[in-house]
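Structure first, commentary second.
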Amino acid sequence: MDSVALFCTGALLACGLYWFVCVLGPAEVKGKRAVDLSGGSISAEKVQDNYKQYWSFFRRPKEIETAEKVPAFVDTFYNLVTDIYEWGWGQSFHFSPSIPGKSHREATRLHEEMAVDLINVKPGDRVLDVGCGVGGPMRAIAAHSRAKVVGITINEYQVNRARLHNKKAGLDSLCEVVCGNFLEMPFQDNSFDGAYSIEATCHAPKLEEVIQGIERGDALPGLRSYLDIAGTAKKVGFEVVKEKDLAKPPALPWWTRLKMGRIAYWRNHILVTVLAAIGIAPKGTVDVHEMLFKTADYLTRGGDTEIFSPMHMILLKKPEVPPSKS
């Protein structure tokens, strides 16, 4: 009887492990599995040291707000969190309004499609995705509009992940990914028909540099009022066409998904802890995962108290360039 009980216990543990790793592991149709969690471009033995380095930025807050320090700050952050984001959240690293009757995935897709509908993108247009991550929005927008979407991200690991996903989705002919700093755009002037950014320009120390960079072609250095954004856009010559708070009814709170994910967090945290303990996940992964959970709690509290929102939409128009006289 003891041997039968032991066998049943072992079988139950094996089934539980399989469920954790193989069933819960993949995000968004096998985007990333738990056993594949890494530190991005950081070697496994240096993940913990880089996590400590990331936190050291916050002991020198003024340095985070300088253009010289921000690229390294943001690059380190996304090396640490990209796999966990993709595994636990999906391939679109942003929030979206919660829409009654729609799943989180559907609401995310509609939010992304709205971005290009606002700028009247047509098939064959060339559009810039400023801060494209692993390309979730890029692929949704390319499939929706049939436009050519060029994404830029400062993180080389995200470039490789995005290219892999683009190819898997059969959209690599419409989606191009460039590794670079969007404060120093590596594109020719007037080479795009439109541009959008979904929760990415918040990483810029100076908004003027972002908006001027577009005109020419959570690692936050500081939070800003939506009034600052419109003011900066006007300062560098853009026309503010429209502003809207996408979090207002009938949309449900944008942080609903965070509240609903608490059980999933503890489930995932147990798995990450086990994988780190047996050497599959790098040391430091547990610290990063715990940091993201605490951040989710702060975001929820920020939403509840209405002091923070990523749902402010602003539509800008670039001034017409008069034709040159020959």
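We label chains A, B, ... in the order they appear in the structure tokens, count residues from 1 in each chain, and number ligands from 1 in the order shown.
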
Can you tell me, as a list in words, which residues in segment 69-229 of chain A count as strand (DSSP E or B) by DSSP? Ser98, Arg126, Val127, Leu128, Asp129, Val130, Lys148, Val149, Val150, Gly151, Ile152, Thr153, Cys175, Glu176, Val177, Val178, Cys179, Gly194, Ala195 and Tyr196 of chain A

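By only C-alpha atoms, and with residues fewer than 4 positions from Gln158 of chain A along its chain excluded, the set lying at most 6 Å from it is A:Gly133, A:Val134, A:Ala162.
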
Considering only C-alpha atoms, state which residue in the set A:Ile307, A:Ala296, A:Leu12, A:Val288 is at the smallest distance from Tyr51 of chain A.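 Ranked by minimum distance to Tyr51 of chain A, first place goes to A:Val288.
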
Atom CA of Leu275 of chain A and atom CA of Val35 of chain A are how many Å apart?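 According to the coordinates, atom CA of Leu275 of chain A and atom CA of Val35 of chain A are separated by 7.2 Å.
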
Skipping near chain neighbours, those fewer than 6 positions away, what residues fall within 12 Å of His312 of chain A using only C-alpha atoms, listed as a list in words? Phe95, Ser96, Pro97, Ser197, Ile198, Glu199, Cys202, Arg224, Ser225, Tyr226, Leu227, Asp228, Ile229, Ala230, Lys242, Glu243, Lys244, Asp245, Leu246, Ala247, Lys248 and Trp254 of chain A

Those residues with N, CA and C atoms, as a tab-separated table (two decimals), in the first residue's frame please?
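New file result_29.tsv:
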chain	number	residue	atom	x	y	z
A	95	PHE	N	-0.49	48.30	-21.35
A	95	PHE	CA	-1.86	48.14	-20.86
A	95	PHE	C	-2.84	48.52	-21.97
A	96	SER	N	-4.08	48.20	-21.76
A	96	SER	CA	-5.15	48.63	-22.66
A	96	SER	C	-6.42	48.77	-21.83
A	97	PRO	N	-7.37	49.58	-22.28
A	97	PRO	CA	-8.64	49.69	-21.54
A	97	PRO	C	-9.33	48.32	-21.50
A	197	SER	N	3.62	55.48	-30.71
A	197	SER	CA	4.35	54.93	-29.56
A	197	SER	C	3.34	54.55	-28.50
A	198	ILE	N	3.44	53.33	-28.02
A	198	ILE	CA	2.52	52.84	-26.98
A	198	ILE	C	3.32	52.56	-25.71
A	199	GLU	N	3.25	53.48	-24.76
A	199	GLU	CA	3.91	53.34	-23.46
A	199	GLU	C	5.41	53.08	-23.59
A	202	CYS	N	7.80	57.12	-22.45
A	202	CYS	CA	7.92	57.43	-21.02
A	202	CYS	C	9.34	57.17	-20.52
A	224	ARG	N	5.32	62.18	-15.72
A	224	ARG	CA	4.94	63.49	-16.22
A	224	ARG	C	3.44	63.63	-16.29
A	225	SER	N	2.97	64.84	-16.19
A	225	SER	CA	1.56	65.15	-16.38
A	225	SER	C	1.25	65.13	-17.87
A	226	TYR	N	-0.01	64.78	-18.21
A	226	TYR	CA	-0.41	64.81	-19.62
A	226	TYR	C	-0.33	66.23	-20.18
A	227	LEU	N	-0.41	67.22	-19.31
A	227	LEU	CA	-0.28	68.61	-19.76
A	227	LEU	C	1.13	68.88	-20.28
A	228	ASP	N	2.12	68.23	-19.66
A	228	ASP	CA	3.50	68.39	-20.10
A	228	ASP	C	3.69	67.87	-21.52
A	229	ILE	N	3.01	66.76	-21.83
A	229	ILE	CA	3.17	66.14	-23.14
A	229	ILE	C	2.66	67.06	-24.24
A	230	ALA	N	1.44	67.57	-24.06
A	230	ALA	CA	0.88	68.48	-25.06
A	230	ALA	C	1.72	69.74	-25.18
A	242	LYS	N	-5.85	65.92	-31.20
A	242	LYS	CA	-6.85	65.31	-30.33
A	242	LYS	C	-6.19	64.76	-29.08
A	243	GLU	N	-6.89	64.87	-27.96
A	243	GLU	CA	-6.47	64.23	-26.71
A	243	GLU	C	-7.67	63.52	-26.10
A	244	LYS	N	-7.43	62.37	-25.50
A	244	LYS	CA	-8.54	61.63	-24.92
A	244	LYS	C	-8.04	60.73	-23.81
A	245	ASP	N	-8.81	60.64	-22.74
A	245	ASP	CA	-8.53	59.71	-21.66
A	245	ASP	C	-9.24	58.40	-21.99
A	246	LEU	N	-8.48	57.41	-22.43
A	246	LEU	CA	-9.08	56.14	-22.85
A	246	LEU	C	-9.55	55.29	-21.68
A	247	ALA	N	-9.27	55.74	-20.46
A	247	ALA	CA	-9.68	54.98	-19.28
A	247	ALA	C	-11.09	55.33	-18.81
A	248	LYS	N	-11.69	56.34	-19.43
A	248	LYS	CA	-13.02	56.75	-18.99
A	248	LYS	C	-14.09	55.74	-19.44
A	254	TRP	N	-8.13	50.16	-16.37
A	254	TRP	CA	-7.03	49.52	-17.10
A	254	TRP	C	-6.23	48.57	-16.21

As a VMD selection string, list the residues of segment 48-193 of chain A assigned to helix (DSSP H, G or I) by DSSP on the backbone atoms of this structure. chain A and resid 48 to 57 61 to 64 70 to 88 104 to 118 136 to 145 156 to 168

Of the listed residues A:Thr201, A:Val74, A:Glu176, A:Asn79, that which approaches Lys46 of chain A most closely, counting only C-alpha atoms: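 For Lys46 of chain A, the nearest of the candidates is A:Asn79.
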
Extract, using only C-alpha atoms, all DNA, RNA and protein residues at most 9 Å from segment 83-94 of chain A, discarding same-chain residues fewer than 3 positions from it, and format them as a PyMOL selection string. chain A and resi 24-28+30-34+36-40+78-80+105+108-109+132-138+162+198-200+264-265+268+285+288-289+310

Selected residue, from A:Val116, A:Ile99, A:Lys318, A:Gly131, that lies nearest to Val241 of chain A when counting only C-alpha atoms: A:Lys318

Between atom CA of Phe192 of chain A and atom CA of Leu128 of chain A, what is the distance in Å, rounded to a tenth? 6.6 Å

Give me the residues near Asp172 of chain A as an MDAnalysis selection string, where near means some atom within 12 Å (using only C-alpha atoms) and where sequence neighbours in that chain fewer than 4 positions away do not count. chainID A and resid 135 138:139 142:143 146:151 162:168 176:177

Pick from A:Ile119, A:Ile270, A:Ile42, A:Leu292 nearest to Gly194 of chain A, counting only C-alpha atoms: A:Ile119
